[in-house]
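Asker: One file is attached below, upload32.txt, containing compact mmCIF, N, CA, C and O atoms.
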```txt
# COMPACT_ATOMS: atom_id res chain seq x y z
N GLU A 19 33.91 -66.09 36.23
CA GLU A 19 34.52 -65.39 37.33
C GLU A 19 35.50 -64.37 36.76
O GLU A 19 36.24 -64.67 35.82
N LEU A 20 35.48 -63.19 37.32
CA LEU A 20 36.36 -62.11 36.89
C LEU A 20 37.25 -61.74 38.04
O LEU A 20 36.78 -61.48 39.15
N ARG A 21 38.56 -61.74 37.78
CA ARG A 21 39.53 -61.40 38.82
C ARG A 21 40.30 -60.16 38.39
O ARG A 21 40.80 -60.10 37.27
N LEU A 22 40.40 -59.21 39.30
CA LEU A 22 41.16 -57.99 39.05
C LEU A 22 42.35 -57.96 40.00
O LEU A 22 42.20 -58.17 41.21
N LYS A 23 43.48 -57.71 39.44
CA LYS A 23 44.69 -57.65 40.24
C LYS A 23 45.11 -56.19 40.32
O LYS A 23 45.13 -55.48 39.33
N GLY A 24 45.41 -55.70 41.52
CA GLY A 24 45.80 -54.31 41.68
C GLY A 24 46.80 -54.15 42.79
O GLY A 24 47.03 -55.05 43.60
N ASP A 25 47.42 -52.99 42.84
CA ASP A 25 48.38 -52.67 43.91
C ASP A 25 47.68 -51.80 44.93
O ASP A 25 47.06 -50.81 44.59
N ASP A 26 47.82 -52.17 46.18
CA ASP A 26 47.26 -51.38 47.27
C ASP A 26 48.41 -50.74 48.02
O ASP A 26 49.21 -51.42 48.67
N ALA A 27 48.55 -49.43 47.93
CA ALA A 27 49.68 -48.72 48.53
C ALA A 27 49.63 -48.77 50.05
O ALA A 27 50.65 -48.65 50.71
N VAL A 28 48.47 -48.94 50.64
CA VAL A 28 48.35 -48.94 52.09
C VAL A 28 48.92 -50.21 52.70
O VAL A 28 49.65 -50.19 53.67
N HIS A 29 48.60 -51.37 52.10
CA HIS A 29 49.02 -52.65 52.68
C HIS A 29 50.31 -53.18 52.04
O HIS A 29 50.84 -54.18 52.49
N GLU A 30 50.80 -52.54 51.00
CA GLU A 30 52.02 -52.90 50.31
C GLU A 30 52.03 -54.33 49.80
O GLU A 30 53.06 -54.97 49.71
N GLU A 31 50.90 -54.89 49.51
CA GLU A 31 50.83 -56.21 48.91
C GLU A 31 49.75 -56.20 47.84
O GLU A 31 48.85 -55.38 47.86
N ASN A 32 49.83 -57.11 46.91
CA ASN A 32 48.85 -57.17 45.81
C ASN A 32 47.50 -57.62 46.35
O ASN A 32 47.42 -58.52 47.18
N THR A 33 46.45 -56.99 45.84
CA THR A 33 45.10 -57.39 46.23
C THR A 33 44.41 -57.96 45.01
O THR A 33 44.69 -57.60 43.88
N HIS A 34 43.51 -58.89 45.25
CA HIS A 34 42.75 -59.52 44.18
C HIS A 34 41.27 -59.31 44.45
O HIS A 34 40.79 -59.67 45.53
N ASP A 35 40.56 -58.72 43.51
CA ASP A 35 39.11 -58.58 43.62
C ASP A 35 38.49 -59.59 42.68
O ASP A 35 38.89 -59.70 41.51
N THR A 36 37.52 -60.34 43.16
CA THR A 36 36.88 -61.38 42.36
C THR A 36 35.40 -61.10 42.28
O THR A 36 34.76 -60.76 43.28
N LEU A 37 34.87 -61.23 41.08
CA LEU A 37 33.44 -61.05 40.84
C LEU A 37 32.93 -62.28 40.13
O LEU A 37 33.42 -62.63 39.05
N ALA A 38 31.96 -62.94 40.73
CA ALA A 38 31.38 -64.14 40.11
C ALA A 38 30.09 -63.74 39.38
O ALA A 38 29.27 -63.00 39.92
N PHE A 39 29.94 -64.21 38.15
CA PHE A 39 28.72 -63.95 37.38
C PHE A 39 28.49 -65.11 36.45
O PHE A 39 29.39 -65.91 36.18
N SER A 40 27.26 -65.22 35.97
CA SER A 40 26.93 -66.32 35.06
C SER A 40 26.44 -65.76 33.74
O SER A 40 25.82 -64.70 33.70
N VAL A 41 26.73 -66.45 32.67
CA VAL A 41 26.31 -66.07 31.33
C VAL A 41 25.35 -67.14 30.84
O VAL A 41 25.66 -68.32 30.88
N ALA A 42 24.18 -66.73 30.39
CA ALA A 42 23.18 -67.68 29.90
C ALA A 42 22.63 -67.18 28.58
O ALA A 42 22.51 -65.98 28.35
N GLU A 43 22.29 -68.10 27.74
CA GLU A 43 21.70 -67.75 26.45
C GLU A 43 20.25 -67.33 26.67
O GLU A 43 19.52 -67.96 27.43
N PRO A 44 19.79 -66.22 26.04
CA PRO A 44 18.40 -65.78 26.25
C PRO A 44 17.41 -66.81 25.72
O PRO A 44 17.64 -67.44 24.70
N GLN A 45 16.32 -66.96 26.46
CA GLN A 45 15.31 -67.95 26.12
C GLN A 45 14.01 -67.29 25.66
O GLN A 45 12.93 -67.83 25.88
N ASN A 46 14.11 -66.13 25.01
CA ASN A 46 12.91 -65.38 24.61
C ASN A 46 12.08 -66.14 23.58
O ASN A 46 10.86 -66.15 23.63
N GLU A 47 12.72 -66.76 22.61
CA GLU A 47 11.97 -67.42 21.54
C GLU A 47 11.30 -68.70 22.00
O GLU A 47 10.27 -69.08 21.47
N THR A 48 11.88 -69.34 22.98
CA THR A 48 11.27 -70.58 23.45
C THR A 48 10.39 -70.36 24.67
O THR A 48 9.82 -71.30 25.19
N GLY A 49 10.29 -69.12 25.11
CA GLY A 49 9.46 -68.81 26.28
C GLY A 49 7.99 -68.71 25.92
O GLY A 49 7.56 -68.93 24.78
N GLN A 50 7.19 -68.34 26.90
CA GLN A 50 5.75 -68.21 26.72
C GLN A 50 5.45 -67.00 25.84
O GLN A 50 5.90 -65.89 26.12
N THR A 51 4.69 -67.20 24.79
CA THR A 51 4.34 -66.10 23.88
C THR A 51 2.84 -65.78 23.91
O THR A 51 2.40 -64.88 23.20
N THR A 52 2.08 -66.50 24.70
CA THR A 52 0.64 -66.24 24.76
C THR A 52 0.36 -65.08 25.73
O THR A 52 1.18 -64.75 26.59
N MET A 53 -0.81 -64.51 25.58
CA MET A 53 -1.22 -63.40 26.44
C MET A 53 -1.51 -63.92 27.84
O MET A 53 -2.21 -64.92 28.01
N ASP A 54 -0.98 -63.26 28.84
CA ASP A 54 -1.22 -63.64 30.23
C ASP A 54 -2.38 -62.79 30.75
O ASP A 54 -2.19 -61.72 31.33
N GLU A 55 -3.58 -63.26 30.52
CA GLU A 55 -4.79 -62.50 30.85
C GLU A 55 -4.90 -62.23 32.34
O GLU A 55 -5.32 -61.15 32.76
N ALA A 56 -4.52 -63.19 33.16
CA ALA A 56 -4.60 -63.00 34.61
C ALA A 56 -3.69 -61.86 35.06
O ALA A 56 -4.10 -60.99 35.86
N LEU A 57 -2.48 -61.82 34.54
CA LEU A 57 -1.56 -60.76 34.92
C LEU A 57 -2.04 -59.41 34.40
O LEU A 57 -1.99 -58.40 35.11
N LEU A 58 -2.52 -59.35 33.16
CA LEU A 58 -3.03 -58.10 32.61
C LEU A 58 -4.23 -57.57 33.39
O LEU A 58 -4.36 -56.37 33.62
N THR A 59 -5.11 -58.46 33.79
CA THR A 59 -6.27 -58.07 34.60
C THR A 59 -5.82 -57.54 35.95
O THR A 59 -6.33 -56.52 36.44
N GLN A 60 -4.84 -58.20 36.55
CA GLN A 60 -4.33 -57.77 37.85
C GLN A 60 -3.68 -56.38 37.74
O GLN A 60 -3.91 -55.52 38.59
N VAL A 61 -2.92 -56.14 36.69
CA VAL A 61 -2.29 -54.84 36.49
C VAL A 61 -3.35 -53.77 36.25
O VAL A 61 -3.27 -52.65 36.77
N ALA A 62 -4.39 -54.10 35.47
CA ALA A 62 -5.46 -53.13 35.19
C ALA A 62 -6.20 -52.75 36.46
O ALA A 62 -6.48 -51.58 36.70
N VAL A 63 -6.50 -53.73 37.30
CA VAL A 63 -7.21 -53.45 38.55
C VAL A 63 -6.33 -52.63 39.49
O VAL A 63 -6.79 -51.67 40.12
N ALA A 64 -5.05 -52.97 39.57
CA ALA A 64 -4.13 -52.24 40.45
C ALA A 64 -3.95 -50.80 40.02
O ALA A 64 -3.75 -49.91 40.84
N SER A 65 -4.04 -50.52 38.72
CA SER A 65 -3.85 -49.16 38.23
C SER A 65 -5.16 -48.39 38.09
O SER A 65 -5.16 -47.26 37.63
N GLY A 66 -6.27 -49.01 38.45
CA GLY A 66 -7.56 -48.33 38.37
C GLY A 66 -8.18 -48.39 36.99
O GLY A 66 -9.07 -47.61 36.69
N GLY A 67 -7.72 -49.28 36.15
CA GLY A 67 -8.25 -49.39 34.80
C GLY A 67 -9.05 -50.66 34.62
O GLY A 67 -9.57 -51.23 35.58
N ALA A 68 -9.16 -51.10 33.39
CA ALA A 68 -9.90 -52.32 33.08
C ALA A 68 -9.21 -53.04 31.94
O ALA A 68 -8.63 -52.41 31.06
N PHE A 69 -9.27 -54.35 31.97
CA PHE A 69 -8.71 -55.16 30.90
C PHE A 69 -9.82 -55.49 29.92
O PHE A 69 -10.88 -55.97 30.29
N LEU A 70 -9.61 -55.20 28.63
CA LEU A 70 -10.60 -55.47 27.60
C LEU A 70 -9.97 -56.32 26.50
O LEU A 70 -8.87 -56.04 26.04
N ARG A 71 -10.70 -57.32 26.08
CA ARG A 71 -10.27 -58.10 24.92
C ARG A 71 -10.84 -57.42 23.67
O ARG A 71 -11.63 -56.49 23.75
N GLU A 72 -10.42 -57.89 22.50
CA GLU A 72 -10.88 -57.28 21.24
C GLU A 72 -12.39 -57.26 21.12
O GLU A 72 -12.98 -56.29 20.68
N GLU A 73 -13.00 -58.35 21.50
CA GLU A 73 -14.46 -58.43 21.34
C GLU A 73 -15.20 -57.54 22.34
O GLU A 73 -16.41 -57.32 22.19
N ASP A 74 -14.49 -56.99 23.33
CA ASP A 74 -15.12 -56.11 24.32
C ASP A 74 -14.79 -54.64 24.10
O ASP A 74 -15.11 -53.80 24.94
N LEU A 75 -14.18 -54.30 22.99
CA LEU A 75 -13.78 -52.91 22.76
C LEU A 75 -14.96 -51.96 22.59
O LEU A 75 -14.80 -50.76 22.75
N TYR A 76 -16.13 -52.47 22.31
CA TYR A 76 -17.31 -51.61 22.21
C TYR A 76 -17.63 -50.96 23.56
O TYR A 76 -18.30 -49.94 23.62
N LYS A 77 -17.12 -51.52 24.66
CA LYS A 77 -17.35 -50.96 25.99
C LYS A 77 -16.42 -49.79 26.31
O LYS A 77 -16.63 -49.06 27.26
N LEU A 78 -15.39 -49.60 25.49
CA LEU A 78 -14.37 -48.61 25.78
C LEU A 78 -14.90 -47.17 25.90
O LEU A 78 -14.57 -46.48 26.87
N PRO A 79 -15.74 -46.68 24.97
CA PRO A 79 -16.24 -45.30 25.13
C PRO A 79 -17.01 -45.08 26.43
O PRO A 79 -16.89 -44.03 27.06
N ARG A 80 -17.77 -46.07 26.84
CA ARG A 80 -18.53 -45.94 28.08
C ARG A 80 -17.58 -45.90 29.29
O ARG A 80 -17.80 -45.15 30.24
N LEU A 81 -16.50 -46.69 29.24
CA LEU A 81 -15.55 -46.70 30.34
C LEU A 81 -14.75 -45.41 30.43
O LEU A 81 -14.36 -44.98 31.52
N LEU A 82 -14.52 -44.79 29.29
CA LEU A 82 -13.77 -43.54 29.28
C LEU A 82 -14.58 -42.37 29.78
O LEU A 82 -14.04 -41.37 30.23
N GLY A 83 -15.88 -42.45 29.69
CA GLY A 83 -16.74 -41.39 30.18
C GLY A 83 -16.99 -40.33 29.12
O GLY A 83 -16.72 -40.52 27.94
N SER A 84 -17.48 -39.20 29.56
CA SER A 84 -17.86 -38.13 28.62
C SER A 84 -16.66 -37.44 28.02
O SER A 84 -16.76 -36.86 26.95
N GLY A 85 -15.55 -37.47 28.70
CA GLY A 85 -14.35 -36.83 28.16
C GLY A 85 -14.31 -35.33 28.35
O GLY A 85 -13.40 -34.67 27.87
N LYS A 86 -15.29 -34.77 29.03
CA LYS A 86 -15.30 -33.33 29.27
C LYS A 86 -14.56 -33.05 30.58
O LYS A 86 -15.04 -33.39 31.65
N GLU A 87 -13.42 -32.45 30.43
CA GLU A 87 -12.63 -32.10 31.60
C GLU A 87 -12.10 -30.69 31.39
O GLU A 87 -11.53 -30.39 30.35
N ILE A 88 -12.31 -29.85 32.36
CA ILE A 88 -11.88 -28.46 32.26
C ILE A 88 -10.56 -28.32 33.00
O ILE A 88 -10.45 -28.68 34.16
N THR A 89 -9.60 -27.81 32.30
CA THR A 89 -8.29 -27.57 32.89
C THR A 89 -8.02 -26.08 32.84
O THR A 89 -8.06 -25.47 31.79
N ARG A 90 -7.79 -25.51 33.99
CA ARG A 90 -7.52 -24.08 34.07
C ARG A 90 -6.02 -23.88 34.27
O ARG A 90 -5.39 -24.59 35.04
N SER A 91 -5.51 -22.92 33.55
CA SER A 91 -4.10 -22.59 33.71
C SER A 91 -3.94 -21.08 33.59
O SER A 91 -4.73 -20.40 32.95
N SER A 92 -2.91 -20.58 34.21
CA SER A 92 -2.65 -19.15 34.12
C SER A 92 -1.28 -18.96 33.47
O SER A 92 -0.41 -19.81 33.54
N MET A 93 -1.14 -17.80 32.84
CA MET A 93 0.11 -17.50 32.17
C MET A 93 0.47 -16.06 32.49
O MET A 93 -0.34 -15.14 32.28
N ASP A 94 1.66 -15.85 32.99
CA ASP A 94 2.13 -14.50 33.27
C ASP A 94 2.73 -13.91 32.00
O ASP A 94 3.60 -14.51 31.38
N VAL A 95 2.22 -12.75 31.62
CA VAL A 95 2.71 -12.06 30.43
C VAL A 95 3.26 -10.71 30.87
O VAL A 95 2.58 -9.95 31.56
N GLU A 96 4.47 -10.45 30.47
CA GLU A 96 5.06 -9.16 30.82
C GLU A 96 4.43 -8.08 29.96
O GLU A 96 4.12 -8.30 28.79
N LEU A 97 4.25 -6.91 30.54
CA LEU A 97 3.57 -5.81 29.86
C LEU A 97 4.28 -5.40 28.58
O LEU A 97 3.64 -5.03 27.60
N CYS A 98 5.58 -5.50 28.56
CA CYS A 98 6.32 -5.03 27.39
C CYS A 98 6.11 -5.93 26.17
O CYS A 98 6.50 -5.57 25.07
N PHE A 99 5.47 -7.07 26.32
CA PHE A 99 5.24 -7.97 25.20
C PHE A 99 3.77 -8.01 24.79
O PHE A 99 3.32 -8.95 24.16
N THR A 100 3.00 -6.99 25.12
CA THR A 100 1.58 -6.96 24.77
C THR A 100 1.34 -5.98 23.63
O THR A 100 2.15 -5.10 23.35
N TRP A 101 0.19 -6.12 22.97
CA TRP A 101 -0.19 -5.22 21.87
C TRP A 101 -0.43 -3.82 22.39
O TRP A 101 -0.15 -2.84 21.71
N MET A 102 -0.96 -3.70 23.62
CA MET A 102 -1.23 -2.38 24.18
C MET A 102 0.07 -1.59 24.34
O MET A 102 0.14 -0.41 24.03
N TYR A 103 1.10 -2.23 24.80
CA TYR A 103 2.39 -1.57 24.95
C TYR A 103 2.93 -1.13 23.60
O TYR A 103 3.46 -0.04 23.45
N LEU A 104 2.77 -1.98 22.60
CA LEU A 104 3.21 -1.62 21.25
C LEU A 104 2.45 -0.39 20.74
O LEU A 104 3.05 0.52 20.17
N LEU A 105 1.14 -0.37 20.95
CA LEU A 105 0.35 0.80 20.52
C LEU A 105 0.74 2.06 21.27
O LEU A 105 0.84 3.14 20.69
N LEU A 106 0.96 1.93 22.58
CA LEU A 106 1.37 3.09 23.37
C LEU A 106 2.72 3.62 22.91
O LEU A 106 3.01 4.80 23.03
N LEU A 107 3.55 2.76 22.37
CA LEU A 107 4.83 3.19 21.85
C LEU A 107 4.71 3.77 20.44
O LEU A 107 5.35 4.77 20.11
N LEU A 108 3.84 3.19 19.62
CA LEU A 108 3.71 3.63 18.24
C LEU A 108 2.90 4.92 18.07
O LEU A 108 3.15 5.70 17.15
N ILE A 109 1.93 5.17 18.93
CA ILE A 109 1.08 6.37 18.80
C ILE A 109 1.90 7.65 18.89
O ILE A 109 1.80 8.51 18.01
N PRO A 110 2.73 7.85 19.90
CA PRO A 110 3.53 9.09 19.93
C PRO A 110 4.52 9.19 18.76
O PRO A 110 4.74 10.28 18.21
N LEU A 111 5.11 8.07 18.39
CA LEU A 111 6.04 8.11 17.27
C LEU A 111 5.33 8.48 15.97
O LEU A 111 5.85 9.26 15.16
N THR A 112 4.14 7.91 15.75
CA THR A 112 3.38 8.22 14.54
C THR A 112 2.92 9.68 14.58
O THR A 112 2.97 10.38 13.55
N ALA A 113 2.46 10.15 15.74
CA ALA A 113 2.01 11.54 15.86
C ALA A 113 3.16 12.49 15.57
O ALA A 113 2.99 13.50 14.86
N GLU A 114 4.35 12.19 16.08
CA GLU A 114 5.50 13.05 15.82
C GLU A 114 5.84 13.06 14.33
O GLU A 114 6.12 14.10 13.75
N TRP A 115 5.76 11.91 13.69
CA TRP A 115 6.06 11.83 12.26
C TRP A 115 5.04 12.63 11.44
O TRP A 115 5.40 13.36 10.52
N VAL A 116 3.75 12.51 11.80
CA VAL A 116 2.70 13.24 11.09
C VAL A 116 2.89 14.75 11.28
O VAL A 116 2.77 15.53 10.32
N ILE A 117 3.20 15.18 12.49
CA ILE A 117 3.41 16.61 12.75
C ILE A 117 4.60 17.12 11.94
O ILE A 117 4.56 18.18 11.31
N ARG A 118 5.69 16.37 11.90
CA ARG A 118 6.87 16.78 11.12
C ARG A 118 6.53 16.88 9.63
O ARG A 118 7.03 17.77 8.94
N LYS A 119 5.71 15.98 9.12
CA LYS A 119 5.36 16.01 7.70
C LYS A 119 4.44 17.19 7.38
O LYS A 119 4.55 17.80 6.32
N THR A 120 3.52 17.49 8.28
CA THR A 120 2.60 18.59 8.01
C THR A 120 3.30 19.96 8.12
O THR A 120 2.97 20.89 7.40
N VAL A 121 4.25 20.06 9.04
CA VAL A 121 4.97 21.33 9.21
C VAL A 121 6.19 21.37 8.27
O VAL A 121 6.84 22.39 8.16
N GLN A 122 6.47 20.28 7.62
CA GLN A 122 7.57 20.12 6.67
C GLN A 122 8.93 20.23 7.35
O GLN A 122 9.85 20.83 6.82
N LEU A 123 9.02 19.64 8.54
CA LEU A 123 10.30 19.55 9.23
C LEU A 123 10.99 18.26 8.79
O LEU A 123 10.35 17.28 8.43
N LYS A 124 12.29 18.29 8.83
CA LYS A 124 13.01 17.08 8.44
C LYS A 124 13.79 16.51 9.57
O LYS A 124 14.18 17.06 10.49
```
Could you spell out this file's structure in structure tokens?
Answerer:
Amino acid sequence: ELRLKGDDAVHEENTHDTLAFSVAEPQNETGQTTMDEALLTQVAVASGGAFLREEDLYKLPRLLGSGKEITRSSMDVELCFTWMYLLLLLIPLTAEWVIRKTVQLK
């Protein structure tokens, strides 16, 4: 039991809050350590899956199916980050540089 003592300005008297709790030693090592096949099967059925033991793993590829699934996604790309924009920017700059070199302008 945990008791907290505090002052309550509204009622002008001490208040006591009590919290009851229990402490127990964990029983993990002495608990059940075997596989609960019934529970695993129930969880598999509820989630739309299947429970397989080691000796039944050869069935897994068939249960998974062909694995061919097409996922389509789109991506918005701003024009200023494309190669075409870079070329459109570099062509006039290169042309100006070539003209300056041929006419010998500095």
Asker: Quick one: pull the distance between atom CA of A:Ala68 and atom CA of A:Leu81, Å, one decimal.
Answerer: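 Between atom CA of A:Ala68 and atom CA of A:Leu81 the gap works out to 8.4 Å.
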Asker: Figure out the distance between atom N of A:Leu70 and atom O of A:Leu58, please, to one decimal in Å.
Answerer: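 For atom O of A:Leu58 relative to atom N of A:Leu70, the distance reads 7.3 Å.
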Asker: Between atom CA of A:Asp35 and atom C of A:Lys23, what is the distance, to one decimal in Å?
Answerer: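 Atom CA of A:Asp35 sits 7.3 Å away from atom C of A:Lys23.
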Asker: Using the chain letters and numbers from this document, which residues of stretch 34-94 of chain A does DSSP assign to strand (DSSP E or B), as a list in words?
Answerer: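 Residues meeting the strand (DSSP E or B) criterion: His34, Asp35, Thr36 and Leu37 of chain A.
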Asker: Determine the nearest neighbour of A:Glu55 from the options A:Ala42, A:Phe69, A:Ser84, A:Leu97, counting only N, CA, C and O atoms.
Answerer: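 Of the candidates, the smallest distance to A:Glu55 is held by A:Phe69.
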Asker: Check the DSSP output for the backbone and give back, as an NGL selection string, the residues of chain A in alpha helix (DSSP H).
Answerer: :A and (55-64 or 78-82 or 101-121)
Asker: Can you give me all heavy atoms for stretch 36-46 of chain A, written as a PDB file, in the coordinates of the input?
Answerer:
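selection13.pdb, written as the output of this step:
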```pdb
ATOM      1  N   THR A  36      37.520 -60.340  43.160  1.00  0.00           N
ATOM      2  CA  THR A  36      36.880 -61.380  42.360  1.00  0.00           C
ATOM      3  C   THR A  36      35.400 -61.100  42.280  1.00  0.00           C
ATOM      4  O   THR A  36      34.760 -60.760  43.280  1.00  0.00           O
ATOM      5  CB  THR A  36      37.103 -62.768  43.002  1.00  0.00           C
ATOM      6  OG1 THR A  36      38.502 -62.956  43.170  1.00  0.00           O
ATOM      7  CG2 THR A  36      36.546 -63.868  42.140  1.00  0.00           C
ATOM      8  N   LEU A  37      34.870 -61.230  41.080  1.00  0.00           N
ATOM      9  CA  LEU A  37      33.440 -61.050  40.840  1.00  0.00           C
ATOM     10  C   LEU A  37      32.930 -62.280  40.130  1.00  0.00           C
ATOM     11  O   LEU A  37      33.420 -62.630  39.050  1.00  0.00           O
ATOM     12  CB  LEU A  37      33.196 -59.802  39.992  1.00  0.00           C
ATOM     13  CG  LEU A  37      31.761 -59.561  39.553  1.00  0.00           C
ATOM     14  CD1 LEU A  37      30.881 -59.272  40.761  1.00  0.00           C
ATOM     15  CD2 LEU A  37      31.693 -58.427  38.556  1.00  0.00           C
ATOM     16  N   ALA A  38      31.960 -62.940  40.730  1.00  0.00           N
ATOM     17  CA  ALA A  38      31.380 -64.140  40.110  1.00  0.00           C
ATOM     18  C   ALA A  38      30.090 -63.740  39.380  1.00  0.00           C
ATOM     19  O   ALA A  38      29.270 -63.000  39.920  1.00  0.00           O
ATOM     20  CB  ALA A  38      31.076 -65.194  41.171  1.00  0.00           C
ATOM     21  N   PHE A  39      29.940 -64.210  38.150  1.00  0.00           N
ATOM     22  CA  PHE A  39      28.720 -63.950  37.380  1.00  0.00           C
ATOM     23  C   PHE A  39      28.490 -65.110  36.450  1.00  0.00           C
ATOM     24  O   PHE A  39      29.390 -65.910  36.180  1.00  0.00           O
ATOM     25  CB  PHE A  39      28.816 -62.617  36.617  1.00  0.00           C
ATOM     26  CG  PHE A  39      29.920 -62.570  35.597  1.00  0.00           C
ATOM     27  CD1 PHE A  39      29.678 -62.919  34.282  1.00  0.00           C
ATOM     28  CD2 PHE A  39      31.194 -62.183  35.963  1.00  0.00           C
ATOM     29  CE1 PHE A  39      30.694 -62.881  33.345  1.00  0.00           C
ATOM     30  CE2 PHE A  39      32.205 -62.130  35.025  1.00  0.00           C
ATOM     31  CZ  PHE A  39      31.965 -62.481  33.709  1.00  0.00           C
ATOM     32  N   SER A  40      27.260 -65.220  35.970  1.00  0.00           N
ATOM     33  CA  SER A  40      26.930 -66.320  35.060  1.00  0.00           C
ATOM     34  C   SER A  40      26.440 -65.760  33.740  1.00  0.00           C
ATOM     35  O   SER A  40      25.820 -64.700  33.700  1.00  0.00           O
ATOM     36  CB  SER A  40      25.867 -67.226  35.681  1.00  0.00           C
ATOM     37  OG  SER A  40      24.681 -66.494  35.883  1.00  0.00           O
ATOM     38  N   VAL A  41      26.730 -66.450  32.670  1.00  0.00           N
ATOM     39  CA  VAL A  41      26.310 -66.070  31.330  1.00  0.00           C
ATOM     40  C   VAL A  41      25.350 -67.140  30.840  1.00  0.00           C
ATOM     41  O   VAL A  41      25.660 -68.320  30.880  1.00  0.00           O
ATOM     42  CB  VAL A  41      27.524 -65.960  30.381  1.00  0.00           C
ATOM     43  CG1 VAL A  41      27.075 -65.623  28.975  1.00  0.00           C
ATOM     44  CG2 VAL A  41      28.511 -64.942  30.909  1.00  0.00           C
ATOM     45  N   ALA A  42      24.180 -66.730  30.390  1.00  0.00           N
ATOM     46  CA  ALA A  42      23.180 -67.680  29.900  1.00  0.00           C
ATOM     47  C   ALA A  42      22.630 -67.180  28.580  1.00  0.00           C
ATOM     48  O   ALA A  42      22.510 -65.980  28.350  1.00  0.00           O
ATOM     49  CB  ALA A  42      22.058 -67.834  30.917  1.00  0.00           C
ATOM     50  N   GLU A  43      22.290 -68.100  27.740  1.00  0.00           N
ATOM     51  CA  GLU A  43      21.700 -67.750  26.450  1.00  0.00           C
ATOM     52  C   GLU A  43      20.250 -67.330  26.670  1.00  0.00           C
ATOM     53  O   GLU A  43      19.520 -67.960  27.430  1.00  0.00           O
ATOM     54  CB  GLU A  43      21.762 -68.965  25.534  1.00  0.00           C
ATOM     55  CG  GLU A  43      21.401 -68.654  24.104  1.00  0.00           C
ATOM     56  CD  GLU A  43      21.649 -69.852  23.193  1.00  0.00           C
ATOM     57  OE1 GLU A  43      22.567 -70.619  23.456  1.00  0.00           O
ATOM     58  OE2 GLU A  43      20.882 -69.975  22.236  1.00  0.00           O
ATOM     59  N   PRO A  44      19.790 -66.220  26.040  1.00  0.00           N
ATOM     60  CA  PRO A  44      18.400 -65.780  26.250  1.00  0.00           C
ATOM     61  C   PRO A  44      17.410 -66.810  25.720  1.00  0.00           C
ATOM     62  O   PRO A  44      17.640 -67.440  24.700  1.00  0.00           O
ATOM     63  CB  PRO A  44      18.313 -64.473  25.459  1.00  0.00           C
ATOM     64  CG  PRO A  44      19.478 -64.460  24.542  1.00  0.00           C
ATOM     65  CD  PRO A  44      20.509 -65.357  25.115  1.00  0.00           C
ATOM     66  N   GLN A  45      16.320 -66.960  26.460  1.00  0.00           N
ATOM     67  CA  GLN A  45      15.310 -67.950  26.120  1.00  0.00           C
ATOM     68  C   GLN A  45      14.010 -67.290  25.660  1.00  0.00           C
ATOM     69  O   GLN A  45      12.930 -67.830  25.880  1.00  0.00           O
ATOM     70  CB  GLN A  45      15.021 -68.838  27.347  1.00  0.00           C
ATOM     71  CG  GLN A  45      16.237 -69.564  27.880  1.00  0.00           C
ATOM     72  CD  GLN A  45      16.754 -70.595  26.878  1.00  0.00           C
ATOM     73  OE1 GLN A  45      15.976 -71.219  26.160  1.00  0.00           O
ATOM     74  NE2 GLN A  45      18.062 -70.767  26.827  1.00  0.00           N
ATOM     75  N   ASN A  46      14.110 -66.130  25.010  1.00  0.00           N
ATOM     76  CA  ASN A  46      12.910 -65.380  24.610  1.00  0.00           C
ATOM     77  C   ASN A  46      12.080 -66.140  23.580  1.00  0.00           C
ATOM     78  O   ASN A  46      10.860 -66.150  23.630  1.00  0.00           O
ATOM     79  CB  ASN A  46      13.285 -64.014  24.060  1.00  0.00           C
ATOM     80  CG  ASN A  46      13.904 -63.130  25.117  1.00  0.00           C
ATOM     81  OD1 ASN A  46      13.736 -63.377  26.301  1.00  0.00           O
ATOM     82  ND2 ASN A  46      14.635 -62.124  24.700  1.00  0.00           N
TER      83      ASN A  46
END
```
